[in-house]
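Single-structure report; data block below.
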Amino acid sequence: MSYKKHFGVSGLKIIGIHGVVKHLGQENIAAVDDLNLEVNRGQILTILGPSGCGKTTTLRLVAGFESPDDGVVLIDGISVAGNGIFVPPEKRNVGIVLQEFALFPHMNVKQNIAFGLMGMNRTESNMRVRAMIDLTGLQGLEERYPHQLSGGQQQRVALARALAPSPSIVLLDEPFASIDPDLRSRVRAELKRILKEAGVTAIFVTHDQEEAFSIADRIVVMNKGKVHQIGTPMEIYHNPNDRFVAEFVGHADFISGKIRSAKILTEIGEFSLNSNNVTDDEDVSIMLRPSDVDIVPTEFGIGTIDSVEFRGHEVLYSIKLKSGQMIHSSQRSSYVSEVGTPVNVVIHSKNLAVFKSDGISIKNEIPVTL
């Protein structure tokens, strides 16, 4: 069977999702609604969002476990779904790592990795298995069975099995869900190294912003089936497109302000604003990350320390302003100010995120083009 070549995806783009809609359940709810997304070859893309946002459905559409109700899915410029075309999962050259890892309990590590290589002769299969064991650091564990492995080791076996057939794309659905929280940071670093050394394109699904930031080259933030923003981890964190993104990807406080002569007047001071898309007396809000807020103890402050949360490497202060609003500041833990201390605040963000009353960033009023 021949598959249609689609020239909407350049040689740099290995995945193209254009205008895709997918309804699920008896309620016929749009799990994915007019999704447009392209992924570069060799890139690690993380889809981040709350439960039910459509991230897993997006993964299943790329894998071929679901077919779109509308729109097209392309892999390496070839239409694999949509417009009457559907290429089955086994013909898409896509590897998959699921939450449960789905290792075969009656097979040892070598046998699990070799499962997808049944089309190879024994010599080729053994060489490929050896290469995957070396890549994923499983030396010495070849004869062990899944129940004899830690969660991190099981994940590496699942990844080695997915990579063994040399897929062009690997899809990972919440791969750290069953791993001890204390090990996740190290396992994330190992996973990123393995994916980069293998040179594959990866789509990684998670609801955990820390995981997304640590592993992704680019992040897609989704909610209710729609994309809210695509960007690097730093762009997503410091320059959110709207208040949903700002609140979902990290702690954020919002200070109300009013526009006057290209300045934003707030209870914590004035801020310059370079934008032609606002008018005098318009109400706006400014996002403050705790890391952007310094506190200065002073006799006559604009607020007082309401609570102190010691976190070891840092201290999180809750500051009650004279209006009664709370804002937060994270500081090094070498010195701890006491509850009740009057303080002023100093804002260190170079590019303040400013939002109109509808929650859209003033810098990003035009919808993101994918």
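Letters A, B, ... go to the chains of the structure tokens in the order shown; residues in each chain start at 1; ligands are counted from 1 in the same order.
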Proximity of stretch 175-258 of chain A to stretch 316-328 of chain A: per-residue shortest pair, 9 Å limit, only C-alpha atoms, as CSV:
residue,atom,partner,partner_atom,distance
A:His251,CA,A:His328,CA,8.8
A:Ala252,CA,A:His328,CA,8.4
A:Asp253,CA,A:Ile327,CA,5.8
A:Phe254,CA,A:Ile327,CA,8.0
A:Ile255,CA,A:Ile327,CA,8.4
Item checked: Non-local contacts of stretch 46-62 of chain A (6 Å; only C-alpha atoms; under 6 positions in same chain excluded) as an NGL selection string -> :A and (31-32 or 203-207 or 212 or 216 or 219-225)
Next item on the list: Would you list the contacts of stretch 348-360 of chain A as a ChimeraX atom specification, taking every protein, DNA or RNA residue within 9 Å and counting only C-alpha atoms, but skipping same-chain residues closer than 5 positions in sequence?
Entry: /A:238-244,246,271,273,278,282-289,291-294,365
Just the selected residues (N, CA, C and O atoms), exported as an mmCIF file, in the first residue's frame, please.
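Generated file (selection_12.cif):
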data_model
loop_
_atom_site.group_PDB
_atom_site.id
_atom_site.type_symbol
_atom_site.label_atom_id
_atom_site.label_comp_id
_atom_site.auth_asym_id
_atom_site.auth_seq_id
_atom_site.Cartn_x
_atom_site.Cartn_y
_atom_site.Cartn_z
ATOM 1 N N HIS A 238 8.555 32.173 32.046
ATOM 2 C CA HIS A 238 8.701 33.615 32.265
ATOM 3 C C HIS A 238 7.784 34.459 31.383
ATOM 4 O O HIS A 238 7.511 35.619 31.725
ATOM 5 N N ASN A 239 7.330 33.924 30.260
ATOM 6 C CA ASN A 239 6.486 34.705 29.350
ATOM 7 C C ASN A 239 5.240 33.927 28.956
ATOM 8 O O ASN A 239 5.016 33.617 27.777
ATOM 9 N N PRO A 240 4.395 33.593 29.922
ATOM 10 C CA PRO A 240 3.190 32.825 29.595
ATOM 11 C C PRO A 240 2.220 33.626 28.733
ATOM 12 O O PRO A 240 2.091 34.836 28.897
ATOM 13 N N ASN A 241 1.541 32.917 27.842
ATOM 14 C CA ASN A 241 0.578 33.574 26.957
ATOM 15 C C ASN A 241 -0.684 34.020 27.677
ATOM 16 O O ASN A 241 -1.342 34.958 27.237
ATOM 17 N N ASP A 242 -1.053 33.307 28.726
ATOM 18 C CA ASP A 242 -2.285 33.645 29.433
ATOM 19 C C ASP A 242 -2.181 33.191 30.882
ATOM 20 O O ASP A 242 -1.204 32.560 31.293
ATOM 21 N N ARG A 243 -3.202 33.515 31.649
ATOM 22 C CA ARG A 243 -3.144 33.226 33.075
ATOM 23 C C ARG A 243 -3.209 31.730 33.364
ATOM 24 O O ARG A 243 -2.661 31.273 34.365
ATOM 25 N N PHE A 244 -3.857 30.960 32.491
ATOM 26 C CA PHE A 244 -3.857 29.516 32.720
ATOM 27 C C PHE A 244 -2.430 28.977 32.696
ATOM 28 O O PHE A 244 -2.027 28.229 33.588
ATOM 29 N N ALA A 246 0.362 30.664 33.125
ATOM 30 C CA ALA A 246 1.106 31.253 34.240
ATOM 31 C C ALA A 246 0.877 30.487 35.530
ATOM 32 O O ALA A 246 1.812 30.205 36.285
ATOM 33 N N PHE A 271 5.404 50.389 37.273
ATOM 34 C CA PHE A 271 6.169 49.580 36.319
ATOM 35 C C PHE A 271 5.949 50.129 34.917
ATOM 36 O O PHE A 271 4.826 50.472 34.541
ATOM 37 N N LEU A 273 5.611 50.054 30.864
ATOM 38 C CA LEU A 273 4.972 49.124 29.943
ATOM 39 C C LEU A 273 5.147 49.632 28.525
ATOM 40 O O LEU A 273 4.747 50.754 28.204
ATOM 41 N N VAL A 278 -2.869 48.993 24.921
ATOM 42 C CA VAL A 278 -3.598 49.306 26.142
ATOM 43 C C VAL A 278 -3.948 50.786 26.132
ATOM 44 O O VAL A 278 -3.343 51.585 25.405
ATOM 45 N N GLU A 282 -7.049 51.530 31.896
ATOM 46 C CA GLU A 282 -7.383 50.113 31.704
ATOM 47 C C GLU A 282 -6.836 49.301 32.869
ATOM 48 O O GLU A 282 -5.731 49.530 33.353
ATOM 49 N N ASP A 283 -7.643 48.331 33.328
ATOM 50 C CA ASP A 283 -7.228 47.451 34.416
ATOM 51 C C ASP A 283 -6.409 46.289 33.871
ATOM 52 O O ASP A 283 -6.788 45.649 32.886
ATOM 53 N N VAL A 284 -5.279 46.020 34.520
ATOM 54 C CA VAL A 284 -4.408 44.908 34.139
ATOM 55 C C VAL A 284 -3.946 44.208 35.408
ATOM 56 O O VAL A 284 -4.237 44.646 36.522
ATOM 57 N N SER A 285 -3.210 43.121 35.237
ATOM 58 C CA SER A 285 -2.573 42.457 36.384
ATOM 59 C C SER A 285 -1.163 42.047 35.996
ATOM 60 O O SER A 285 -0.882 41.766 34.818
ATOM 61 N N ILE A 286 -0.281 42.026 36.960
ATOM 62 C CA ILE A 286 1.123 41.670 36.762
ATOM 63 C C ILE A 286 1.396 40.346 37.464
ATOM 64 O O ILE A 286 1.004 40.149 38.617
ATOM 65 N N MET A 287 2.065 39.440 36.762
ATOM 66 C CA MET A 287 2.456 38.167 37.360
ATOM 67 C C MET A 287 3.759 38.319 38.123
ATOM 68 O O MET A 287 4.725 38.890 37.623
ATOM 69 N N LEU A 288 3.795 37.776 39.329
ATOM 70 C CA LEU A 288 5.008 37.761 40.137
ATOM 71 C C LEU A 288 5.349 36.316 40.488
ATOM 72 O O LEU A 288 4.541 35.612 41.104
ATOM 73 N N ARG A 289 6.525 35.846 40.072
ATOM 74 C CA ARG A 289 7.046 34.571 40.537
ATOM 75 C C ARG A 289 7.792 34.806 41.854
ATOM 76 O O ARG A 289 8.459 35.845 42.015
ATOM 77 N N SER A 291 10.533 33.746 42.844
ATOM 78 C CA SER A 291 11.964 33.967 42.609
ATOM 79 C C SER A 291 12.262 35.372 42.119
ATOM 80 O O SER A 291 13.424 35.796 42.117
ATOM 81 N N ASP A 292 11.227 36.115 41.660
ATOM 82 C CA ASP A 292 11.415 37.480 41.175
ATOM 83 C C ASP A 292 11.167 38.530 42.257
ATOM 84 O O ASP A 292 11.262 39.730 41.981
ATOM 85 N N VAL A 293 10.831 38.101 43.460
ATOM 86 C CA VAL A 293 10.467 39.034 44.531
ATOM 87 C C VAL A 293 11.495 38.946 45.659
ATOM 88 O O VAL A 293 11.701 37.885 46.251
ATOM 89 N N ASP A 294 12.155 40.069 45.927
ATOM 90 C CA ASP A 294 13.053 40.175 47.075
ATOM 91 C C ASP A 294 12.339 40.917 48.187
ATOM 92 O O ASP A 294 11.460 41.758 47.934
ATOM 93 N N GLU A 365 -1.126 39.041 22.426
ATOM 94 C CA GLU A 365 -2.544 39.133 22.113
ATOM 95 C C GLU A 365 -2.910 38.362 20.853
ATOM 96 O O GLU A 365 -4.021 37.889 20.695
#
Next item on the list: Select from stretch 12-196 of chain A everything DSSP, run on the backbone, classes as strand (DSSP E or B), then give the selection as an MDAnalysis selection string.
Entry: chainID A and resid 13:24 29:40 44:48 70:75 78:82 85:86 94:97 169:173
Next, the residues of the selection above should be written as a short mmCIF file (atom, residue, chain, number, x, y, z; two decimals), in the first residue's frame with N, CA and C atoms.
data_model
loop_
_atom_site.label_atom_id
_atom_site.label_comp_id
_atom_site.auth_asym_id
_atom_site.auth_seq_id
_atom_site.Cartn_x
_atom_site.Cartn_y
_atom_site.Cartn_z
N LYS A 13 10.95 18.77 9.92
CA LYS A 13 9.79 18.38 10.72
C LYS A 13 9.50 16.91 10.50
N ILE A 14 9.42 16.17 11.59
CA ILE A 14 9.14 14.74 11.45
C ILE A 14 7.69 14.40 11.81
N ILE A 15 7.05 15.26 12.63
CA ILE A 15 5.65 15.07 12.97
C ILE A 15 4.88 16.33 12.62
N GLY A 16 3.76 16.16 11.96
CA GLY A 16 2.87 17.27 11.67
C GLY A 16 1.44 16.90 12.04
N ILE A 17 0.81 17.72 12.86
CA ILE A 17 -0.59 17.53 13.23
C ILE A 17 -1.31 18.80 12.83
N HIS A 18 -2.27 18.66 11.90
CA HIS A 18 -2.89 19.85 11.31
C HIS A 18 -4.41 19.78 11.41
N GLY A 19 -4.98 20.73 12.21
CA GLY A 19 -6.43 20.83 12.32
C GLY A 19 -7.10 19.60 12.87
N VAL A 20 -6.44 18.88 13.76
CA VAL A 20 -6.96 17.60 14.23
C VAL A 20 -8.01 17.80 15.32
N VAL A 21 -9.11 17.07 15.16
CA VAL A 21 -10.20 17.04 16.14
C VAL A 21 -10.47 15.58 16.48
N LYS A 22 -10.64 15.30 17.77
CA LYS A 22 -10.98 13.95 18.20
C LYS A 22 -11.97 14.00 19.34
N HIS A 23 -13.15 13.39 19.14
CA HIS A 23 -14.18 13.31 20.17
C HIS A 23 -14.13 11.94 20.84
N LEU A 24 -14.40 11.92 22.15
CA LEU A 24 -14.36 10.68 22.91
C LEU A 24 -15.60 10.56 23.80
N ILE A 29 -17.34 14.47 23.72
CA ILE A 29 -16.54 15.65 24.08
C ILE A 29 -15.28 15.69 23.23
N ALA A 30 -14.90 16.89 22.80
CA ALA A 30 -13.69 17.06 21.99
C ALA A 30 -12.46 16.95 22.90
N ALA A 31 -11.83 15.78 22.93
CA ALA A 31 -10.61 15.59 23.72
C ALA A 31 -9.46 16.38 23.11
N VAL A 32 -9.47 16.51 21.78
CA VAL A 32 -8.52 17.35 21.05
C VAL A 32 -9.32 18.21 20.09
N ASP A 33 -9.10 19.50 20.13
CA ASP A 33 -9.95 20.43 19.39
C ASP A 33 -9.10 21.37 18.53
N ASP A 34 -9.08 21.10 17.22
CA ASP A 34 -8.35 21.92 16.25
C ASP A 34 -6.87 22.03 16.63
N LEU A 35 -6.25 20.88 16.82
CA LEU A 35 -4.85 20.83 17.24
C LEU A 35 -3.92 21.00 16.05
N ASN A 36 -2.98 21.92 16.19
CA ASN A 36 -1.95 22.15 15.18
C ASN A 36 -0.59 22.11 15.87
N LEU A 37 0.28 21.22 15.38
CA LEU A 37 1.56 21.03 16.05
C LEU A 37 2.55 20.40 15.09
N GLU A 38 3.79 20.91 15.10
CA GLU A 38 4.88 20.30 14.34
C GLU A 38 6.05 20.04 15.27
N VAL A 39 6.73 18.93 15.07
CA VAL A 39 7.85 18.54 15.92
C VAL A 39 9.08 18.34 15.06
N ASN A 40 10.18 18.98 15.44
CA ASN A 40 11.42 18.87 14.69
C ASN A 40 12.09 17.52 14.91
N ILE A 44 13.05 16.70 21.72
CA ILE A 44 12.23 16.17 22.79
C ILE A 44 11.13 17.19 23.08
N LEU A 45 9.91 16.83 22.76
CA LEU A 45 8.76 17.70 22.98
C LEU A 45 7.94 17.14 24.13
N THR A 46 7.61 17.99 25.09
CA THR A 46 6.77 17.58 26.20
C THR A 46 5.40 18.21 26.06
N ILE A 47 4.36 17.39 26.18
CA ILE A 47 2.99 17.90 26.23
C ILE A 47 2.59 17.93 27.69
N LEU A 48 2.31 19.13 28.19
CA LEU A 48 2.07 19.36 29.61
C LEU A 48 0.65 19.88 29.80
N ASP A 70 -11.30 14.69 12.35
CA ASP A 70 -11.03 15.70 11.33
C ASP A 70 -9.55 16.04 11.38
N GLY A 71 -9.01 16.58 10.29
CA GLY A 71 -7.61 16.94 10.23
C GLY A 71 -6.73 15.78 9.82
N VAL A 72 -5.41 16.04 9.78
CA VAL A 72 -4.47 15.03 9.32
C VAL A 72 -3.29 14.91 10.28
N VAL A 73 -2.72 13.71 10.34
CA VAL A 73 -1.49 13.44 11.10
C VAL A 73 -0.45 12.98 10.09
N LEU A 74 0.74 13.58 10.15
CA LEU A 74 1.82 13.28 9.23
C LEU A 74 3.04 12.81 10.00
N ILE A 75 3.72 11.82 9.48
CA ILE A 75 5.01 11.38 10.02
C ILE A 75 6.01 11.39 8.88
N ILE A 78 4.62 12.01 5.47
CA ILE A 78 3.65 11.06 4.94
C ILE A 78 2.36 11.13 5.75
N SER A 79 1.23 11.23 5.09
CA SER A 79 -0.06 11.20 5.78
C SER A 79 -0.29 9.80 6.35
N VAL A 80 -0.48 9.74 7.67
CA VAL A 80 -0.73 8.45 8.30
C VAL A 80 -2.14 8.36 8.86
N ALA A 81 -2.85 9.48 8.90
CA ALA A 81 -4.24 9.47 9.39
C ALA A 81 -4.95 10.71 8.88
N GLY A 82 -6.23 10.53 8.54
CA GLY A 82 -7.05 11.65 8.08
C GLY A 82 -7.28 11.62 6.59
N ILE A 85 -7.31 8.19 5.01
CA ILE A 85 -6.09 7.39 5.14
C ILE A 85 -5.90 6.99 6.60
N PHE A 86 -5.49 5.76 6.83
CA PHE A 86 -5.12 5.33 8.18
C PHE A 86 -4.04 4.27 8.09
N VAL A 94 7.14 3.81 15.06
CA VAL A 94 7.02 4.56 16.31
C VAL A 94 7.20 3.61 17.48
N GLY A 95 8.06 3.97 18.42
CA GLY A 95 8.22 3.20 19.66
C GLY A 95 7.41 3.84 20.78
N ILE A 96 6.96 3.01 21.73
CA ILE A 96 6.07 3.50 22.78
C ILE A 96 6.54 2.99 24.14
N VAL A 97 6.58 3.90 25.13
CA VAL A 97 6.85 3.54 26.52
C VAL A 97 5.65 4.00 27.34
N ILE A 169 10.55 7.80 15.95
CA ILE A 169 9.84 8.54 17.00
C ILE A 169 9.62 7.62 18.19
N VAL A 170 9.79 8.16 19.40
CA VAL A 170 9.44 7.44 20.62
C VAL A 170 8.41 8.27 21.38
N LEU A 171 7.33 7.62 21.80
CA LEU A 171 6.27 8.27 22.56
C LEU A 171 6.31 7.76 23.99
N LEU A 172 6.29 8.67 24.96
CA LEU A 172 6.38 8.29 26.37
C LEU A 172 5.20 8.89 27.14
N ASP A 173 4.37 8.02 27.71
CA ASP A 173 3.17 8.46 28.41
C ASP A 173 3.38 8.35 29.91
#
Note to self: Could you go through stretch 217-283 of chain A and tell me which residues DSSP, when run on the backbone, assigns to helix (DSSP H, G or I), listing them as a PyMOL selection string?
What the structure shows: chain A and resi 233-238+243-248
Next item on the list: Name all residues at most 7 Å from A:Val343 (count only C-alpha atoms; drop same-chain ones fewer than 6 positions away) and give them as a ChimeraX atom specification.
Entry: /A:295-298,301-304
File dump, residues just selected, all heavy atoms, as a PDB file, in the first residue's frame:
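What ended up in result_18.pdb:
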ATOM      1  N   ILE A 295      12.720  40.649  49.419  1.00  0.00           N
ATOM      2  CA  ILE A 295      12.150  41.362  50.559  1.00  0.00           C
ATOM      3  C   ILE A 295      13.243  42.133  51.279  1.00  0.00           C
ATOM      4  O   ILE A 295      14.383  41.683  51.378  1.00  0.00           O
ATOM      5  CB  ILE A 295      11.434  40.400  51.524  1.00  0.00           C
ATOM      6  CG1 ILE A 295      12.367  39.281  52.004  1.00  0.00           C
ATOM      7  CG2 ILE A 295      10.193  39.814  50.876  1.00  0.00           C
ATOM      8  CD1 ILE A 295      11.754  38.397  53.073  1.00  0.00           C
ATOM      9  N   VAL A 296      12.895  43.321  51.748  1.00  0.00           N
ATOM     10  CA  VAL A 296      13.829  44.183  52.477  1.00  0.00           C
ATOM     11  C   VAL A 296      13.173  44.575  53.797  1.00  0.00           C
ATOM     12  O   VAL A 296      12.220  45.373  53.813  1.00  0.00           O
ATOM     13  CB  VAL A 296      14.183  45.448  51.669  1.00  0.00           C
ATOM     14  CG1 VAL A 296      15.161  46.313  52.451  1.00  0.00           C
ATOM     15  CG2 VAL A 296      14.744  45.085  50.305  1.00  0.00           C
ATOM     16  N   PRO A 297      13.625  44.010  54.926  1.00  0.00           N
ATOM     17  CA  PRO A 297      13.061  44.408  56.219  1.00  0.00           C
ATOM     18  C   PRO A 297      13.249  45.907  56.448  1.00  0.00           C
ATOM     19  O   PRO A 297      14.324  46.461  56.198  1.00  0.00           O
ATOM     20  CB  PRO A 297      13.866  43.583  57.226  1.00  0.00           C
ATOM     21  CG  PRO A 297      14.349  42.400  56.440  1.00  0.00           C
ATOM     22  CD  PRO A 297      14.615  42.934  55.058  1.00  0.00           C
ATOM     23  N   THR A 298      12.202  46.566  56.897  1.00  0.00           N
ATOM     24  CA  THR A 298      12.249  48.005  57.125  1.00  0.00           C
ATOM     25  C   THR A 298      11.178  48.375  58.137  1.00  0.00           C
ATOM     26  O   THR A 298      10.166  47.664  58.273  1.00  0.00           O
ATOM     27  CB  THR A 298      12.038  48.786  55.817  1.00  0.00           C
ATOM     28  OG1 THR A 298      12.110  50.187  56.082  1.00  0.00           O
ATOM     29  CG2 THR A 298      10.689  48.465  55.181  1.00  0.00           C
ATOM     30  N   GLY A 301       7.198  49.244  56.195  1.00  0.00           N
ATOM     31  CA  GLY A 301       7.103  48.479  54.961  1.00  0.00           C
ATOM     32  C   GLY A 301       5.724  48.543  54.335  1.00  0.00           C
ATOM     33  O   GLY A 301       4.759  49.015  54.955  1.00  0.00           O
ATOM     34  N   ILE A 302       5.635  48.040  53.113  1.00  0.00           N
ATOM     35  CA  ILE A 302       4.343  47.990  52.431  1.00  0.00           C
ATOM     36  C   ILE A 302       3.591  46.700  52.749  1.00  0.00           C
ATOM     37  O   ILE A 302       2.457  46.504  52.318  1.00  0.00           O
ATOM     38  CB  ILE A 302       4.504  48.126  50.903  1.00  0.00           C
ATOM     39  CG1 ILE A 302       5.301  46.941  50.339  1.00  0.00           C
ATOM     40  CG2 ILE A 302       5.152  49.444  50.544  1.00  0.00           C
ATOM     41  CD1 ILE A 302       5.321  46.913  48.822  1.00  0.00           C
ATOM     42  N   GLY A 303       4.243  45.843  53.527  1.00  0.00           N
ATOM     43  CA  GLY A 303       3.611  44.601  53.936  1.00  0.00           C
ATOM     44  C   GLY A 303       4.356  43.995  55.099  1.00  0.00           C
ATOM     45  O   GLY A 303       5.399  44.519  55.538  1.00  0.00           O
ATOM     46  N   THR A 304       3.833  42.891  55.613  1.00  0.00           N
ATOM     47  CA  THR A 304       4.498  42.191  56.709  1.00  0.00           C
ATOM     48  C   THR A 304       4.580  40.705  56.375  1.00  0.00           C
ATOM     49  O   THR A 304       3.751  40.161  55.630  1.00  0.00           O
ATOM     50  CB  THR A 304       3.729  42.358  58.033  1.00  0.00           C
ATOM     51  OG1 THR A 304       2.393  41.882  57.861  1.00  0.00           O
ATOM     52  CG2 THR A 304       3.699  43.809  58.466  1.00  0.00           C
TER      53      THR A 304
END
As a compact mmCIF listing (two decimals) with C-alpha atoms, in the first residue's frame, please: the residues near A:Lys263 (cut-off 9 Å, only C-alpha atoms, same-chain neighbours under 3 positions excluded).
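What ended up in out01.txt:
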# COMPACT_ATOMS: atom_id res chain seq x y z
CA LYS A 258 -4.09 50.45 36.25
CA ILE A 259 -2.54 51.93 33.12
CA ARG A 260 -1.50 55.58 33.34
CA GLU A 270 5.03 51.66 39.30
CA PHE A 271 6.17 49.58 36.32
CA SER A 272 6.94 50.69 32.77
CA LEU A 273 4.97 49.12 29.94
CA ASN A 274 5.95 49.18 26.28
Next item on the list: Write out as a VMD selection string which residues come within 9 Å of A:Gly340 when counting only C-alpha atoms, dropping same-chain ones fewer than 3 positions away.
Entry: chain A and resid 304 to 307 337
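Coordinates place atom CA of A:Ser261 at a distance of 6.5 Å from atom CA of A:Asp280.
The residue that comes closest to A:His147, out of A:Ala189, A:Phe115, A:Leu103, A:Ser275 and on the basis of only C-alpha atoms, is A:Leu103.
The space separating atom CA of A:Glu124 from atom CA of A:Leu163 comes to 14.7 Å.
The two atoms in question, atom CA of A:Ile268 and atom CA of A:Gln229, are spaced 29.0 Å apart.
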Check: Out of A:Glu338, A:Asp69, A:Glu100, A:Asp134, which residue has the shortest atom-to-atom distance to A:Ile179 when counting only C-alpha atoms?
Finding: A:Glu100
Next item on the list: Do a neighbour search on A:Asn112 at 9 Å with only C-alpha atoms, toss out local chain neighbours closer than 2 positions, and write the hits as a PyMOL selection string.
Entry: chain A and resi 103-105+107-110+114-116+157-158+160-161
